[in-house]
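Below is work_6.txt, holding compact mmCIF, C-alpha atoms and all ligand atoms.
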# COMPACT_ATOMS: atom_id res chain seq x y z
CA MET A 223 -24.37 -12.48 -7.99
CA ILE A 224 -21.36 -10.28 -7.21
CA LYS A 225 -18.26 -12.35 -6.46
CA ALA A 226 -14.78 -11.61 -5.15
CA ILE A 227 -12.41 -10.50 -7.93
CA LYS A 228 -10.35 -13.22 -9.63
CA GLY A 229 -7.07 -13.71 -7.78
CA THR A 230 -8.50 -12.45 -4.49
CA ARG A 231 -10.30 -14.41 -1.83
CA ASP A 232 -12.14 -14.24 1.44
CA ILE A 233 -10.42 -15.67 4.46
CA LEU A 234 -13.20 -17.29 6.42
CA PRO A 235 -13.48 -18.84 9.88
CA PRO A 236 -12.05 -21.14 11.06
CA GLU A 237 -9.06 -20.44 8.76
CA SER A 238 -9.00 -16.79 9.83
CA ALA A 239 -8.22 -17.90 13.40
CA LEU A 240 -5.09 -19.63 12.11
CA TRP A 241 -4.11 -16.38 10.37
CA SER A 242 -4.52 -14.47 13.62
CA ARG A 243 -2.42 -17.01 15.46
CA VAL A 244 0.43 -16.74 12.96
CA GLU A 245 0.24 -12.94 12.93
CA ASN A 246 0.14 -12.69 16.72
CA THR A 247 3.10 -15.05 17.08
CA ALA A 248 5.03 -12.97 14.55
CA ARG A 249 4.24 -9.74 16.41
CA GLU A 250 5.36 -11.25 19.73
CA ILE A 251 8.63 -12.58 18.36
CA LEU A 252 9.43 -9.43 16.37
CA ALA A 253 8.92 -7.43 19.57
CA LEU A 254 11.26 -9.78 21.46
CA TYR A 255 13.94 -8.89 18.92
CA GLY A 256 13.32 -5.15 19.18
CA PHE A 257 11.27 -4.56 16.03
CA ALA A 258 8.48 -1.96 16.06
CA GLU A 259 5.58 -1.86 13.65
CA ILE A 260 5.34 0.62 10.80
CA ARG A 261 2.08 1.06 8.86
CA THR A 262 2.48 2.67 5.48
CA PRO A 263 -0.31 3.48 2.98
CA VAL A 264 -1.55 0.74 0.68
CA PHE A 265 -0.96 2.97 -2.36
CA GLU A 266 2.05 5.09 -3.17
CA SER A 267 3.41 7.14 -6.02
CA THR A 268 4.27 4.82 -8.93
CA GLU A 269 7.75 6.30 -9.08
CA LEU A 270 8.59 4.81 -5.67
CA PHE A 271 8.33 1.27 -7.01
CA ALA A 272 9.83 2.10 -10.41
CA ARG A 273 12.92 3.36 -8.61
CA GLY A 274 12.88 1.11 -5.57
CA VAL A 275 12.04 -2.20 -7.20
CA GLY A 276 13.52 -1.53 -10.65
CA GLU A 277 11.92 -0.77 -14.02
CA ASP A 278 13.08 -3.98 -15.68
CA THR A 279 11.75 -6.37 -13.04
CA ASP A 280 8.63 -8.42 -13.75
CA ILE A 281 6.94 -6.74 -10.80
CA VAL A 282 7.24 -3.24 -12.22
CA SER A 283 6.95 -4.07 -15.90
CA LYS A 284 4.02 -6.52 -15.79
CA GLU A 285 2.45 -7.01 -12.40
CA MET A 286 1.67 -3.68 -10.76
CA TYR A 287 -1.80 -2.29 -10.21
CA THR A 288 -1.13 1.21 -11.48
CA PHE A 289 -3.82 3.80 -12.05
CA GLU A 290 -4.18 7.46 -12.66
CA ASP A 291 -5.80 9.43 -9.86
CA ARG A 292 -8.33 12.16 -10.65
CA ASP A 293 -5.55 14.74 -10.65
CA GLU A 294 -3.60 12.60 -13.13
CA GLN A 295 -0.98 11.53 -10.61
CA SER A 296 0.16 7.94 -11.24
CA LEU A 297 -0.48 5.75 -8.21
CA THR A 298 0.29 2.09 -7.56
CA LEU A 299 -1.04 -0.42 -5.06
CA ARG A 300 2.05 -1.54 -3.19
CA PRO A 301 3.53 -4.73 -4.67
CA GLU A 302 5.96 -5.13 -1.77
CA GLY A 303 6.76 -3.53 1.56
CA THR A 304 10.44 -2.62 1.60
CA ALA A 305 10.34 0.45 -0.68
CA PRO A 306 7.45 2.04 1.30
CA ALA A 307 9.20 1.34 4.63
CA VAL A 308 12.43 2.91 3.41
CA ARG A 309 10.50 5.83 1.89
CA ALA A 310 8.92 6.45 5.31
CA TYR A 311 12.29 6.09 7.04
CA ILE A 312 13.76 8.79 4.80
CA GLU A 313 10.69 11.05 4.88
CA HIS A 314 10.48 11.08 8.69
CA GLN A 315 14.24 11.10 9.19
CA LEU A 316 14.09 8.10 11.45
CA GLN A 317 17.89 7.81 11.33
CA GLN A 318 17.94 10.76 13.72
CA GLU A 319 15.88 8.86 16.31
CA SER A 320 18.48 6.16 16.79
CA SER A 321 21.42 4.78 14.89
CA ILE A 322 19.57 1.57 14.01
CA ALA A 323 15.89 1.42 13.07
CA LYS A 324 14.20 -1.98 13.31
CA LEU A 325 10.82 -1.83 11.62
CA TYR A 326 8.28 -4.47 10.68
CA TYR A 327 5.12 -4.40 8.61
CA LEU A 328 2.23 -6.73 8.07
CA GLY A 329 -0.51 -6.46 5.49
CA PRO A 330 -1.80 -6.93 1.95
CA MET A 331 0.34 -6.50 -1.17
CA PHE A 332 -0.88 -6.45 -4.77
CA ARG A 333 0.55 -8.04 -7.89
CA ARG A 334 -1.24 -9.10 -11.03
CA GLU A 335 0.24 -12.60 -11.25
CA ARG A 336 -1.29 -15.60 -12.93
CA PRO A 337 -3.58 -17.09 -10.28
CA GLN A 338 -2.41 -20.49 -9.05
CA LYS A 339 -2.55 -22.52 -5.88
CA GLY A 340 -1.36 -20.44 -2.94
CA ARG A 341 -0.78 -17.37 -5.13
CA TYR A 342 -3.15 -14.44 -5.10
CA ARG A 343 -3.26 -10.96 -6.59
CA GLN A 344 -3.97 -9.59 -3.17
CA PHE A 345 -1.58 -11.49 -0.95
CA HIS A 346 -0.23 -10.87 2.52
CA GLN A 347 3.26 -10.38 3.78
CA ILE A 348 5.05 -9.91 7.03
CA GLY A 349 8.37 -8.19 6.56
CA ALA A 350 11.00 -6.48 8.63
CA GLU A 351 13.84 -4.10 7.91
CA VAL A 352 16.98 -3.27 9.87
CA LEU A 353 18.15 0.16 8.71
CA GLY A 354 21.44 1.78 9.63
CA SER A 355 23.79 -1.18 10.11
CA ASP A 356 25.86 -3.43 7.89
CA ASN A 357 26.96 -5.70 10.71
CA PRO A 358 26.66 -9.35 9.62
CA ALA A 359 25.80 -10.24 13.24
CA ILE A 360 22.46 -8.48 12.74
CA GLU A 361 21.81 -10.63 9.69
CA ALA A 362 22.47 -13.77 11.71
CA GLU A 363 20.20 -12.48 14.48
CA VAL A 364 17.35 -11.95 12.02
CA LEU A 365 17.77 -15.52 10.76
CA GLU A 366 17.78 -16.83 14.32
CA MET A 367 14.51 -14.94 14.85
CA LEU A 368 12.95 -16.42 11.71
CA GLN A 369 13.98 -19.93 12.67
CA PHE A 370 12.40 -19.38 16.10
CA PHE A 371 9.23 -17.99 14.52
CA LEU A 372 8.78 -20.96 12.19
CA LYS A 373 9.32 -23.39 15.05
CA GLN A 374 6.82 -21.53 17.23
CA ILE A 375 4.07 -21.77 14.64
CA GLY A 376 4.85 -25.45 14.08
CA ILE A 377 7.03 -25.54 10.93
CA GLU A 378 10.00 -27.74 11.82
CA ASP A 379 10.94 -28.64 8.26
CA GLN A 380 12.97 -25.60 7.20
CA THR A 381 16.13 -25.18 5.16
CA LEU A 382 18.21 -22.00 5.08
CA LEU A 383 19.91 -21.15 1.78
CA VAL A 384 22.42 -18.30 1.72
CA ASN A 385 24.62 -16.52 -0.77
CA SER A 386 26.46 -13.25 -1.28
CA ILE A 387 25.77 -11.29 -4.44
CA GLY A 388 28.62 -8.84 -3.94
CA CYS A 389 28.45 -5.07 -4.15
CA PRO A 390 28.63 -2.33 -6.80
CA VAL A 391 32.43 -2.60 -6.63
CA CYS A 392 32.86 -6.30 -7.34
CA ARG A 393 29.62 -7.28 -9.06
CA PRO A 394 30.22 -5.53 -12.42
CA ARG A 395 33.22 -7.79 -13.12
CA PHE A 396 31.10 -10.85 -12.38
CA LEU A 397 28.24 -9.56 -14.54
CA GLU A 398 30.66 -9.06 -17.41
CA GLU A 399 31.89 -12.64 -17.12
CA LEU A 400 28.34 -13.85 -16.74
CA LYS A 401 27.24 -12.01 -19.88
CA ARG A 402 30.18 -13.42 -21.83
CA ALA A 403 29.39 -16.97 -20.71
CA LEU A 404 25.70 -16.50 -21.48
CA ALA A 405 26.41 -15.14 -24.97
CA GLU A 406 28.32 -18.34 -25.75
CA LYS A 407 25.43 -20.53 -24.65
CA LYS A 408 22.55 -18.35 -25.74
CA VAL A 409 21.01 -20.90 -28.13
CA GLN A 410 20.67 -23.43 -25.29
CA LEU A 411 18.61 -21.04 -23.16
CA CYS A 412 14.84 -20.55 -22.97
CA LEU A 413 13.43 -17.45 -24.67
CA ASP A 414 13.04 -15.57 -21.37
CA CYS A 415 16.67 -16.25 -20.49
CA GLN A 416 17.83 -15.17 -23.93
CA ARG A 417 16.22 -11.81 -23.25
CA ARG A 418 17.44 -11.66 -19.62
CA SER A 419 20.99 -12.53 -20.64
CA GLU A 420 21.13 -9.02 -22.07
CA THR A 421 18.79 -6.98 -19.89
CA ASN A 422 19.35 -8.54 -16.45
CA PRO A 423 21.76 -11.50 -16.61
CA LEU A 424 21.59 -12.14 -12.86
CA ARG A 425 18.00 -13.22 -13.30
CA VAL A 426 18.99 -16.10 -15.57
CA LEU A 427 20.25 -17.81 -12.41
CA ASP A 428 16.66 -17.68 -11.14
CA CYS A 429 15.19 -19.57 -14.12
CA LYS A 430 13.21 -22.69 -13.27
CA VAL A 431 12.97 -24.04 -16.85
CA GLU A 432 14.42 -27.57 -16.95
CA SER A 433 16.53 -27.13 -20.10
CA CYS A 434 18.26 -24.06 -18.65
CA GLN A 435 19.54 -25.88 -15.57
CA PRO A 436 22.71 -27.50 -17.02
CA VAL A 437 23.66 -24.15 -18.54
CA ILE A 438 23.12 -22.37 -15.24
CA ASP A 439 25.24 -24.94 -13.41
CA SER A 440 28.13 -24.28 -15.78
CA LEU A 441 28.06 -20.47 -15.39
CA PRO A 442 30.71 -18.57 -13.42
CA LYS A 443 29.91 -18.27 -9.70
CA ILE A 444 29.75 -14.93 -7.93
CA SER A 445 31.66 -16.32 -4.95
CA GLU A 446 34.77 -16.37 -7.15
CA PHE A 447 34.41 -12.65 -7.85
CA LEU A 448 33.74 -11.19 -4.39
CA ASP A 449 36.19 -8.48 -3.38
CA GLU A 450 37.95 -8.60 -0.03
CA ALA A 451 35.33 -6.58 1.86
CA CYS A 452 32.40 -8.64 0.55
CA ARG A 453 34.28 -11.90 1.17
CA ALA A 454 35.04 -10.87 4.77
CA HIS A 455 31.41 -9.85 5.34
CA PHE A 456 30.11 -13.16 4.03
CA ASP A 457 32.61 -15.22 6.04
CA LYS A 458 31.65 -13.38 9.22
CA PHE A 459 27.97 -13.91 8.51
CA LEU A 460 28.47 -17.65 8.03
CA GLY A 461 30.56 -17.75 11.20
CA TYR A 462 27.76 -16.10 13.20
CA LEU A 463 25.26 -18.61 11.82
CA THR A 464 27.54 -21.46 12.87
CA SER A 465 28.03 -20.12 16.39
CA ARG A 466 24.24 -19.79 16.74
CA GLN A 467 23.88 -23.41 15.57
CA ILE A 468 21.78 -22.39 12.57
CA PRO A 469 22.31 -24.91 9.75
CA PHE A 470 22.67 -23.42 6.26
CA THR A 471 23.62 -24.27 2.69
CA VAL A 472 25.55 -21.87 0.45
CA VAL A 473 23.81 -21.74 -2.93
CA PRO A 474 25.88 -19.78 -5.49
CA ARG A 475 22.94 -19.27 -7.85
CA LEU A 476 20.73 -17.75 -5.18
CA VAL A 477 20.10 -14.19 -6.34
CA ARG A 478 17.19 -11.84 -5.76
CA GLY A 479 14.87 -10.59 -8.47
CA LEU A 480 15.07 -7.05 -7.12
CA ASP A 481 17.84 -4.74 -8.20
CA TYR A 482 18.75 -3.09 -4.91
CA TYR A 483 20.07 -6.17 -3.15
CA THR A 484 23.75 -6.31 -2.18
CA ARG A 485 25.91 -8.87 -0.38
CA THR A 486 23.97 -11.28 1.84
CA THR A 487 20.91 -12.86 0.32
CA PHE A 488 18.89 -15.75 1.73
CA GLU A 489 15.84 -17.96 1.41
CA ILE A 490 14.16 -20.28 3.85
CA THR A 491 12.44 -23.18 2.17
CA SER A 492 10.27 -26.03 3.40
CA GLY A 493 9.51 -29.40 1.90
CA VAL A 494 6.13 -29.81 3.57
CA LEU A 495 4.25 -29.00 0.36
CA GLY A 496 6.12 -31.65 -1.63
CA ALA A 497 8.76 -29.82 -3.63
CA GLN A 498 10.93 -27.35 -1.74
CA ASN A 499 9.02 -24.10 -1.50
CA THR A 500 10.34 -20.70 -0.57
CA LEU A 501 8.64 -19.45 2.58
CA ILE A 502 10.82 -16.45 3.35
CA GLY A 503 13.23 -14.44 1.24
CA GLY A 504 15.43 -11.52 2.03
CA GLY A 505 18.81 -9.93 2.10
CA ARG A 506 20.87 -6.80 2.23
CA TYR A 507 19.98 -3.72 0.20
CA ASP A 508 22.55 -1.06 1.00
CA GLY A 509 21.79 0.91 -2.18
CA LEU A 510 18.04 1.34 -1.80
CA ALA A 511 17.78 4.46 0.36
CA GLU A 512 20.03 6.41 -1.99
CA ALA A 513 18.09 5.15 -5.02
CA LEU A 514 15.00 6.68 -3.38
CA GLY A 515 16.72 10.02 -2.88
CA GLY A 516 17.67 9.53 0.77
CA PRO A 517 21.00 9.53 2.57
CA PRO A 518 23.20 6.43 2.15
CA THR A 519 21.69 3.87 4.52
CA LYS A 520 22.62 0.26 5.12
CA GLY A 521 19.63 -2.06 5.05
CA PHE A 522 18.80 -5.69 5.66
CA GLY A 523 15.38 -7.30 5.67
CA PHE A 524 13.05 -10.08 4.72
CA ALA A 525 9.49 -10.72 3.62
CA LEU A 526 7.43 -13.80 4.16
CA GLY A 527 4.29 -14.74 2.30
CA LEU A 528 1.49 -15.55 4.69
CA GLU A 529 -0.49 -17.55 2.11
CA ARG A 530 2.45 -19.93 1.69
CA ILE A 531 2.96 -20.26 5.45
CA LEU A 532 -0.74 -20.99 5.93
CA LEU A 533 -0.69 -23.64 3.19
CA VAL A 534 2.18 -25.36 4.97
CA LEU A 535 0.41 -25.18 8.32
CA GLN A 536 -2.77 -26.61 6.85
CA GLN A 537 -0.76 -29.53 5.44
CA SER A 538 1.09 -30.34 8.62
CA GLU A 539 -0.47 -32.51 11.28
CA LYS A 540 0.30 -30.10 14.04
CA GLN A 541 -2.34 -27.69 12.88
CA VAL A 542 -4.04 -26.10 15.82
CA ALA A 543 -7.77 -25.78 15.32
CA ALA A 544 -9.47 -22.48 15.94
CA GLY A 545 -10.25 -22.19 19.63
CA PRO A 546 -13.79 -23.42 20.18
CA ALA A 547 -16.10 -21.63 22.57
CA GLN A 548 -15.43 -22.57 26.15
CA LEU A 549 -18.96 -22.22 27.38
CA PHE A 550 -22.35 -22.46 25.74
CA LEU A 551 -25.16 -20.93 27.79
CA ALA A 552 -28.47 -22.71 27.30
CA PRO A 553 -31.30 -20.79 28.96
CA LEU A 554 -34.72 -22.42 29.14
CA GLY A 555 -37.43 -19.76 29.11
CA GLU A 556 -37.63 -15.97 29.12
CA ALA A 557 -36.50 -15.36 32.72
CA ALA A 558 -33.53 -17.70 32.30
CA PHE A 559 -32.56 -15.89 29.12
CA GLU A 560 -32.46 -12.57 30.99
CA LYS A 561 -30.21 -14.14 33.59
CA ALA A 562 -28.02 -15.78 30.94
CA THR A 563 -27.32 -12.46 29.16
CA LEU A 564 -26.00 -10.93 32.41
CA LEU A 565 -24.06 -14.05 33.28
CA ALA A 566 -22.45 -14.10 29.82
CA ARG A 567 -21.40 -10.47 30.25
CA ASP A 568 -19.78 -11.15 33.62
CA LEU A 569 -17.98 -14.28 32.42
CA ARG A 570 -16.67 -12.59 29.26
CA GLN A 571 -15.29 -9.77 31.39
CA GLN A 572 -13.38 -12.47 33.29
CA GLY A 573 -11.91 -13.69 30.00
CA ILE A 574 -14.17 -16.67 29.41
CA ARG A 575 -15.34 -17.27 25.86
CA CYS A 576 -19.11 -17.60 25.92
CA LEU A 577 -21.75 -18.33 23.36
CA LEU A 578 -25.30 -17.41 24.24
CA ASP A 579 -28.22 -19.19 22.66
CA PHE A 580 -30.62 -16.50 21.46
CA GLU A 581 -33.34 -18.81 20.20
CA ALA A 582 -35.92 -20.45 22.40
CA ARG A 583 -35.04 -24.13 22.01
CA SER A 584 -35.65 -27.40 23.70
CA LEU A 585 -32.79 -28.60 25.88
CA LYS A 586 -32.15 -31.37 23.37
CA SER A 587 -31.71 -29.08 20.39
CA ALA A 588 -29.63 -26.65 22.48
CA MET A 589 -27.25 -29.52 23.29
CA ARG A 590 -27.09 -30.49 19.63
CA LEU A 591 -26.10 -26.92 18.70
CA ALA A 592 -23.49 -26.75 21.48
CA ASN A 593 -21.98 -29.93 20.11
CA LYS A 594 -21.86 -28.53 16.60
CA LEU A 595 -20.16 -25.38 17.87
CA GLN A 596 -17.60 -27.53 19.68
CA ALA A 597 -18.32 -25.89 23.02
CA GLN A 598 -16.29 -27.45 25.81
CA TYR A 599 -18.97 -26.87 28.44
CA VAL A 600 -22.69 -26.18 28.49
CA LEU A 601 -24.37 -24.33 31.32
CA ILE A 602 -28.05 -25.14 31.65
CA LEU A 603 -30.28 -22.46 33.14
CA GLY A 604 -33.80 -23.70 33.82
CA GLU A 605 -36.47 -22.40 36.18
CA THR A 606 -35.34 -24.56 39.09
CA GLU A 607 -31.73 -23.53 38.59
CA LEU A 608 -32.78 -19.89 38.59
CA GLN A 609 -34.52 -20.30 41.95
CA THR A 610 -31.76 -22.25 43.69
CA GLY A 611 -28.88 -20.26 42.17
CA ARG A 612 -27.19 -23.56 41.32
CA TYR A 613 -26.65 -24.32 37.65
CA LEU A 614 -25.98 -27.53 35.82
CA LEU A 615 -22.56 -27.51 34.11
CA LYS A 616 -22.01 -30.24 31.58
CA ARG A 617 -18.61 -31.14 30.21
CA MET A 618 -19.11 -32.06 26.57
CA THR A 619 -16.03 -34.27 26.13
CA ASP A 620 -17.23 -36.94 28.57
CA GLY A 621 -20.78 -35.85 29.39
CA THR A 622 -20.11 -35.47 33.11
CA GLN A 623 -22.34 -32.98 34.92
CA ARG A 624 -22.00 -31.05 38.11
CA GLU A 625 -23.89 -28.33 39.92
CA VAL A 626 -22.10 -25.03 40.32
CA ARG A 627 -22.92 -21.74 41.92
CA GLU A 628 -22.35 -18.65 39.80
CA VAL A 629 -19.06 -17.73 41.50
CA GLU A 630 -17.69 -21.21 40.95
CA ILE A 631 -18.12 -21.19 37.16
CA PRO A 632 -14.77 -19.62 36.13
CA ALA A 633 -12.76 -22.02 38.31
CA ALA A 634 -14.78 -25.00 37.11
CA LEU A 635 -14.09 -24.06 33.48
CA ARG A 636 -10.41 -23.68 34.11
CA GLY A 637 -10.31 -27.22 35.43
CA VAL A 638 -9.67 -26.16 39.02
CA ALA A 639 -11.02 -28.74 41.45
CA VAL A 640 -14.40 -27.62 42.67
CA PRO A 641 -16.20 -30.00 45.02
CA VAL A 642 -18.89 -31.81 43.09
CA SER A 643 -22.24 -30.79 44.56
CA GLN A 644 -24.68 -33.55 45.10
CA GLY A 645 -28.37 -33.01 44.40
ZN ZN A 701 32.05 -6.28 -3.16
ZN ZN A 702 15.58 -20.10 -18.71
Rewrite the coordinates I just gave you, this time as structure tokens.
Ligand SMILES: [Zn+2]
Ligand SMILES: [Zn+2]
Amino acid sequence: MIKAIKGTRDILPPESALWSRVENTAREILALYGFAEIRTPVFESTELFARGVGEDTDIVSKEMYTFEDRDEQSLTLRPEGTAPAVRAYIEHQLQQESSIAKLYYLGPMFRRERPQKGRYRQFHQIGAEVLGSDNPAIEAEVLEMLQFFLKQIGIEDQTLLVNSIGCPVCRPRFLEELKRALAEKKVQLCLDCQRRSETNPLRVLDCKVESCQPVIDSLPKISEFLDEACRAHFDKFLGYLTSRQIPFTVVPRLVRGLDYYTRTTFEITSGVLGAQNTLIGGGRYDGLAEALGGPPTKGFGFALGLERILLVLQQSEKQVAAGPAQLFLAPLGEAAFEKATLLARDLRQQGIRCLLDFEARSLKSAMRLANKLQAQYVLILGETELQTGRYLLKRMTDGTQREVREVEIPAALRGVAVPVSQG
């Protein structure tokens, strides 16, 4: 038997309906905030990610699906969506269209991570990028949007963590101090951190290993090294959050694993899955466009993992089940079946979800099937009904029945009062 590849999975009904609901809600809310969709290819030149994500990140060094095409060009399945979006922005000179571009994307990403609960090698992200502005008010607006989105899909338990990681002007001094402090405490660090303390010291702050935590807590904090411009930017950002009544916590050790981030960085976590889990991460990346060979472009964005969001939704009580069929059509006999096919067509064109029974069944087994399919109503079409033009409509929740004429069916299903016909 051929199975799905390890680390990938099929998203089956009824779970797929929940996915659609989350995606549709995201699209609606992103549109409310002026974001337009961008669809970039699933594979790109490997160089894009090497430059855009950074050679010494885990993503680029260990996790990418990279392959040589038939013409020996090195290609990579996209491990994230920001570098492709910015590549497209530069390539199509979108900065000329308007001073600010607000783009969002939605789709599969690929990383060869160790498979674990809620983590897949093909996973799905929704992300958005604001290109062309370094106004902290835009950052606050994006966070307001994300808070609204999570509430709309039913995730109330959310915590916003924020930090500023400075800029190329002020960060080097911090990194120097950080390296010095790490060198002193090197023996107390895990092996990964010992390596990182030289290659990418910022990433030590990210370490989850228990024994590294006291060391991390004692390290110098970037907030003490921000220059005036970065300090002012961060203070304004926090002020805008406060005036929008968005609660937040400043977490000095919150840094991003990707090299191109500058200034504002954030995470939204939720405790629904037990321990606090990151649902959304993002921040400012003013250096990325230039790193990709484009003009200097300010950028701010986020990405959210749909698998994580879905896990949370499946845990929470508020989960909305996939919409069951509204109406199950149960024709009895060949002539009734003919009629039912036409009736189903007309009702569907009026926006009514219909399921048509294609098998010749007894009324009893048709009702059993309708029940299993969670149909809200069953319309019974027998020979008598065909002749009189009056059909029996049964409400499955309480078993009440009424006779309806064809034109009355949509109103009856929508719960509009239709006089109950007698006999
Ligand atoms: Zn700075
Ligand atoms: Zn460590």
How would you report the residues lying within 8 Å of ligand ZN 702 (chain A), as a ChimeraX atom specification, if you count only C-alpha atoms and all ligand atoms?
/A:411-416,426,429-435
Go ahead and save the residues from that selection, with C-alpha atoms, as an mmCIF file, keeping the file's coordinate frame.
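Written file, result-v8.cif:
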data_model
loop_
_atom_site.group_PDB
_atom_site.id
_atom_site.type_symbol
_atom_site.label_atom_id
_atom_site.label_comp_id
_atom_site.auth_asym_id
_atom_site.auth_seq_id
_atom_site.Cartn_x
_atom_site.Cartn_y
_atom_site.Cartn_z
ATOM 1 C CA LEU A 411 18.610 -21.040 -23.160
ATOM 2 C CA CYS A 412 14.840 -20.550 -22.970
ATOM 3 C CA LEU A 413 13.430 -17.450 -24.670
ATOM 4 C CA ASP A 414 13.040 -15.570 -21.370
ATOM 5 C CA CYS A 415 16.670 -16.250 -20.490
ATOM 6 C CA GLN A 416 17.830 -15.170 -23.930
ATOM 7 C CA VAL A 426 18.990 -16.100 -15.570
ATOM 8 C CA CYS A 429 15.190 -19.570 -14.120
ATOM 9 C CA LYS A 430 13.210 -22.690 -13.270
ATOM 10 C CA VAL A 431 12.970 -24.040 -16.850
ATOM 11 C CA GLU A 432 14.420 -27.570 -16.950
ATOM 12 C CA SER A 433 16.530 -27.130 -20.100
ATOM 13 C CA CYS A 434 18.260 -24.060 -18.650
ATOM 14 C CA GLN A 435 19.540 -25.880 -15.570
#
Close residues to ligand ZN 701 (chain A) using all atoms listed in the file, limit 7 Å, as a ChimeraX atom specification
/A:388-393,448-449,451-452
Can you tell me which residues surround region 298-314 of chain A at a distance of at most 6 Å, considering only C-alpha atoms, apart from same-chain residues fewer than 3 positions away, and format the answer as a PyMOL selection string?
chain A and resi 264-266+268+274+287-288+331-333+516
Of the candidates A:Gly376, A:Pro469, A:Gly461, A:Gly505, which one gets nearest to Gly523 (chain A) if we count only C-alpha atoms?
A:Gly505
Exercise: Glu607 (chain A) partners within 10 Å, only C-alpha atoms, chain neighbours under 2 positions left out, as a compact mmCIF listing (two decimals) with C-alpha atoms, in the frame of the given file:
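Result file follows (part31.txt):
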# COMPACT_ATOMS: atom_id res chain seq x y z
CA LEU A 554 -34.72 -22.42 29.14
CA ALA A 558 -33.53 -17.70 32.30
CA ILE A 602 -28.05 -25.14 31.65
CA LEU A 603 -30.28 -22.46 33.14
CA GLY A 604 -33.80 -23.70 33.82
CA GLU A 605 -36.47 -22.40 36.18
CA GLN A 609 -34.52 -20.30 41.95
CA THR A 610 -31.76 -22.25 43.69
CA GLY A 611 -28.88 -20.26 42.17
CA ARG A 612 -27.19 -23.56 41.32
CA TYR A 613 -26.65 -24.32 37.65
CA LEU A 614 -25.98 -27.53 35.82
CA GLU A 625 -23.89 -28.33 39.92
CA VAL A 626 -22.10 -25.03 40.32
CA ARG A 627 -22.92 -21.74 41.92
Compile the contact shell of Arg478 (chain A) as a list in words: residues with an atom at most 9 Å away, counting all atoms listed in the file, same-chain residues fewer than 3 positions apart removed.
Ile387, Leu424, Arg425, Asp428, Asp481, Tyr482, Tyr483, Thr487, Phe488, Gly503, Gly504 and Gly505 of chain A
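Minimum atom-to-atom distance to Leu382 (chain A), evaluated using only C-alpha atoms, belongs to A:Thr491 out of A:Gln537, A:Gln598, A:Thr491, A:Thr484.
Residues within 10 Å of Glu237 (chain A), counting only C-alpha atoms and excluding same-chain residues fewer than 2 positions away, are Ile233, Leu234, Pro235, Ala239, Leu240, Trp241, Ser242, Leu532, Gln536, Ala543 and Ala544 of chain A.
With only C-alpha atoms taken into account, the protein and nucleic acid residues at most 7 Å from Ala513 (chain A) (excluding it and anything under 2 positions from it in its own chain) are Arg273, Gly274, Gly509, Leu510, Ala511 and Gly515 of chain A.
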Write the residues you've just listed into a file as a CSV table (one decimal), in the coordinates of the input, and include C-alpha atoms for each of them.
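Once everything was written out, this is again16.csv:
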chain,number,residue,atom,x,y,z
A,273,ARG,CA,12.9,3.4,-8.6
A,274,GLY,CA,12.9,1.1,-5.6
A,509,GLY,CA,21.8,0.9,-2.2
A,510,LEU,CA,18.0,1.3,-1.8
A,511,ALA,CA,17.8,4.5,0.4
A,515,GLY,CA,16.7,10.0,-2.9
